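As provided, upload.json (JSON, C-alpha atoms) reads as follows.
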```
[["chain", "number", "residue", "atom", "x", "y", "z"],
["A", 7, "MET", "CA", -60.78, -56.43, -77.19],
["A", 8, "SER", "CA", -62.11, -59.42, -79.12],
["A", 9, "CYS", "CA", -64.56, -57.27, -81.11],
["A", 10, "ILE", "CA", -61.68, -55.29, -82.63],
["A", 11, "ARG", "CA", -60.51, -58.44, -84.43],
["A", 12, "HIS", "CA", -63.84, -58.52, -86.26],
["A", 13, "TRP", "CA", -64.02, -54.81, -87.13],
["A", 14, "ALA", "CA", -64.34, -54.92, -90.92],
["A", 15, "SER", "CA", -63.96, -51.23, -91.69],
["A", 16, "ILE", "CA", -61.02, -48.95, -92.23],
["A", 17, "PHE", "CA", -62.95, -46.35, -90.21],
["A", 18, "THR", "CA", -62.57, -46.38, -86.44],
["A", 19, "GLY", "CA", -65.93, -44.79, -85.68],
["A", 20, "VAL", "CA", -69.38, -44.00, -86.95],
["A", 21, "ALA", "CA", -71.89, -41.40, -85.82],
["A", 22, "VAL", "CA", -75.57, -41.49, -86.72],
["A", 23, "MET", "CA", -77.34, -38.13, -86.46],
["A", 24, "GLY", "CA", -81.06, -37.69, -86.86],
["A", 25, "ASN", "CA", -82.81, -34.48, -87.89],
["A", 26, "ARG", "CA", -79.86, -32.37, -86.82],
["A", 27, "TRP", "CA", -78.90, -28.97, -88.15],
["A", 28, "SER", "CA", -75.15, -28.81, -88.68],
["A", 29, "PRO", "CA", -73.58, -25.34, -88.53],
["A", 30, "ALA", "CA", -70.31, -24.65, -90.34],
["A", 31, "HIS", "CA", -67.52, -26.48, -88.54],
["A", 32, "HIS", "CA", -64.25, -28.42, -88.76],
["A", 33, "ASN", "CA", -63.49, -31.66, -86.93],
["A", 34, "PRO", "CA", -60.13, -31.02, -85.24],
["A", 35, "LYS", "CA", -59.71, -34.62, -84.05],
["A", 36, "CYS", "CA", -59.47, -35.88, -87.62],
["A", 37, "CYS", "CA", -56.08, -36.20, -89.27],
["A", 38, "PRO", "CA", -55.43, -34.04, -92.33],
["A", 39, "GLU", "CA", -54.55, -37.14, -94.38],
["A", 40, "TRP", "CA", -57.87, -38.89, -93.77],
["A", 41, "PHE", "CA", -61.27, -38.51, -95.37],
["A", 42, "ASP", "CA", -64.61, -38.86, -93.63],
["A", 43, "ILE", "CA", -67.62, -40.20, -95.50],
["A", 44, "MET", "CA", -71.09, -38.80, -94.90],
["A", 45, "THR", "CA", -74.25, -40.37, -96.30],
["A", 46, "LEU", "CA", -77.68, -38.78, -96.11],
["A", 47, "VAL", "CA", -80.89, -40.84, -96.05],
["A", 48, "GLY", "CA", -84.50, -39.89, -95.44],
["A", 49, "ASN", "CA", -87.52, -37.99, -96.75],
["A", 50, "TYR", "CA", -87.11, -34.24, -96.95],
["A", 51, "PRO", "CA", -87.01, -31.38, -99.42],
["A", 52, "SER", "CA", -83.72, -30.94, -101.28],
["A", 53, "ALA", "CA", -80.82, -30.21, -98.97],
["A", 54, "ARG", "CA", -77.50, -28.54, -99.62],
["A", 55, "MET", "CA", -74.12, -29.27, -98.11],
["A", 56, "LYS", "CA", -71.79, -26.30, -98.10],
["A", 57, "LEU", "CA", -68.03, -26.77, -98.16],
["A", 58, "HIS", "CA", -67.26, -23.18, -97.17],
["A", 59, "ASN", "CA", -63.51, -22.86, -97.64],
["A", 60, "LEU", "CA", -63.68, -24.66, -100.99],
["A", 61, "GLY", "CA", -66.51, -22.45, -102.25],
["A", 62, "ILE", "CA", -68.63, -25.51, -103.12],
["A", 63, "GLU", "CA", -72.32, -26.14, -102.48],
["A", 64, "LEU", "CA", -73.55, -29.68, -103.18],
["A", 65, "VAL", "CA", -77.06, -31.04, -103.74],
["A", 66, "TYR", "CA", -77.32, -33.34, -100.72],
["A", 67, "ASP", "CA", -80.22, -35.63, -101.59],
["A", 68, "SER", "CA", -81.03, -38.97, -99.98],
["A", 69, "GLY", "CA", -78.39, -41.57, -100.81],
["A", 70, "VAL", "CA", -75.65, -39.07, -101.62],
["A", 71, "MET", "CA", -72.24, -39.91, -100.17],
["A", 72, "VAL", "CA", -69.66, -37.16, -99.71],
["A", 73, "ALA", "CA", -66.01, -37.76, -98.77],
["A", 74, "PHE", "CA", -63.56, -35.07, -97.68],
["A", 75, "CYS", "CA", -61.14, -34.25, -94.91],
["A", 76, "SER", "CA", -63.36, -32.74, -92.24],
["A", 77, "ARG", "CA", -60.36, -31.29, -90.42],
["A", 78, "LEU", "CA", -59.42, -29.12, -93.40],
["A", 79, "VAL", "CA", -62.81, -28.54, -95.03],
["A", 80, "CYS", "CA", -65.33, -26.36, -93.19],
["A", 81, "HIS", "CA", -68.73, -27.97, -93.81],
["A", 82, "ALA", "CA", -72.40, -27.37, -92.97],
["A", 83, "VAL", "CA", -75.87, -28.67, -93.77],
["A", 84, "ASP", "CA", -78.83, -26.38, -93.18],
["A", 85, "MET", "CA", -81.85, -28.64, -92.75],
["A", 86, "ARG", "CA", -84.04, -27.67, -89.81],
["A", 87, "THR", "CA", -87.31, -29.39, -90.67],
["A", 88, "SER", "CA", -87.21, -32.82, -92.22],
["A", 89, "ASP", "CA", -86.94, -36.52, -91.64],
["A", 90, "ARG", "CA", -83.30, -37.25, -92.34],
["A", 91, "TRP", "CA", -80.41, -39.29, -91.01],
["A", 92, "VAL", "CA", -76.71, -38.77, -91.60],
["A", 93, "TRP", "CA", -74.21, -41.61, -91.25],
["A", 94, "ALA", "CA", -70.73, -40.18, -90.70],
["A", 95, "TRP", "CA", -67.78, -42.59, -90.91],
["A", 96, "PHE", "CA", -64.48, -41.29, -89.53],
["A", 97, "MET", "CA", -61.07, -42.27, -88.12],
["A", 98, "ARG", "CA", -59.41, -41.23, -84.86],
["A", 99, "ASP", "CA", -55.77, -41.54, -83.88],
["A", 100, "SER", "CA", -56.81, -42.23, -80.28],
["A", 101, "VAL", "CA", -58.31, -45.58, -81.35],
["A", 102, "HIS", "CA", -55.15, -46.55, -83.23],
["A", 103, "ASN", "CA", -53.05, -45.54, -80.22],
["A", 104, "HIS", "CA", -55.22, -47.50, -77.79],
["A", 105, "PHE", "CA", -54.98, -50.71, -79.80],
["A", 106, "LYS", "CA", -51.35, -50.08, -80.79],
["A", 107, "THR", "CA", -52.08, -50.23, -84.51],
["A", 108, "PRO", "CA", -50.29, -48.06, -87.06],
["A", 109, "ARG", "CA", -51.96, -44.99, -88.50],
["A", 110, "GLY", "CA", -53.28, -45.51, -92.01],
["A", 111, "GLU", "CA", -51.51, -43.64, -94.77],
["A", 112, "HIS", "CA", -54.28, -43.39, -97.35],
["A", 113, "THR", "CA", -53.63, -39.87, -98.56],
["A", 114, "TRP", "CA", -50.71, -37.55, -98.21],
["A", 115, "TYR", "CA", -50.39, -33.80, -98.26],
["A", 116, "SER", "CA", -47.09, -32.04, -98.75],
["A", 117, "GLU", "CA", -46.15, -29.71, -95.90],
["A", 118, "GLU", "CA", -46.71, -26.79, -98.26],
["A", 119, "ASP", "CA", -50.25, -27.93, -99.19],
["A", 120, "TYR", "CA", -51.13, -28.64, -95.56],
["A", 121, "ALA", "CA", -49.96, -25.19, -94.53],
["A", 122, "LYS", "CA", -51.90, -23.66, -97.42],
["A", 123, "TYR", "CA", -55.20, -25.49, -96.86],
["A", 124, "SER", "CA", -55.30, -25.88, -93.10],
["A", 125, "LYS", "CA", -56.14, -22.26, -92.34],
["A", 126, "VAL", "CA", -59.70, -21.29, -93.20],
["A", 127, "GLU", "CA", -58.98, -17.56, -93.03],
["A", 128, "ASP", "CA", -56.18, -17.87, -95.60],
["A", 129, "ILE", "CA", -58.37, -19.89, -97.95],
["A", 130, "LEU", "CA", -61.30, -17.50, -97.71],
["A", 131, "ASN", "CA", -59.04, -14.50, -98.30],
["A", 132, "GLY", "CA", -57.59, -16.18, -101.40],
["A", 133, "MET", "CA", -61.01, -16.67, -103.04]]
```
As structure tokens, please, write out the structure in this file.
Amino acid sequence: MSCIRHWASIFTGVAVMGNRWSPAHHNPKCCPEWFDIMTLVGNYPSARMKLHNLGIELVYDSGVMVAFCSRLVCHAVDMRTSDRWVWAWFMRDSVHNHFKTPRGEHTWYSEEDYAKYSKVEDILNGM
């Protein structure tokens, strides 16, 4: 419990992934109001991050930081051979609930926008 008093980040968790291919996915444990931040470091040929339901493909070079709601945005990185590390910072309600701290309210979506953007099939059909 004492370490939580010294936690200096708004994020409740971090994952470090090495040389991992990431297929298209959502993170259902994330809240729709919160953004995750992913940073790529390492030596490798140029990578691309695809944000499928937004129709965006980003150059994902070393040092690039990308922030988006991983619950709503379907994302993937196709790098199978390289020397790369991804730092993913995220928030979980379960941590807030455990420590009885209020949920952050950093971004808001109207109910209409949430309904519109929370269904991948609807977004892909609208493109």
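Residue nearest Val22 (chain A) within the list A:Ala94, A:Met71, A:Cys36, A:Phe41: A:Ala94 [criterion: smallest interatomic distance, all atoms listed in the file].
Atom to atom, CA of Gly24 (chain A) and CA of His104 (chain A) stand 29.1 Å apart.
From CA of His31 (chain A) back to CA of Thr18 (chain A), the distance works out to 20.6 Å.
Picture a line from CA of Tyr66 (chain A) to CA of Cys37 (chain A); it runs 24.3 Å.
Closest to Asp89 (chain A) among A:Pro38, A:His32, A:Ser52, A:Phe17 is A:Ser52, based on only C-alpha atoms.
Each of A:Phe74, A:Asn59, A:Asp99, A:Val20 was compared to Lys35 (chain A) using only C-alpha atoms, and A:Asp99 turns out to be the nearest.
Shortest separation to Arg54 (chain A) among A:Ala82, A:Ala73, A:Ala21, A:Met97 occurs at residue A:Ala82, atoms counted being only C-alpha atoms.
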Hey, could you pull the box centre and edge lengths for region 58-72 of chain A, axis-aligned, 8 Å padding per side, all listed atoms, to one decimal in Å, as AutoDock Vina command-line options?
```
--center_x -72.3 --center_y -32.0 --center_z -100.5 --size_x 33.5 --size_y 35.1 --size_z 22.6
```
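Restricting the calculation to all atoms listed in the file, the smallest distance between Arg90 (chain A) and any of A:Pro34, A:Gly69, A:Gly61, A:Gly48 is found for A:Gly48.
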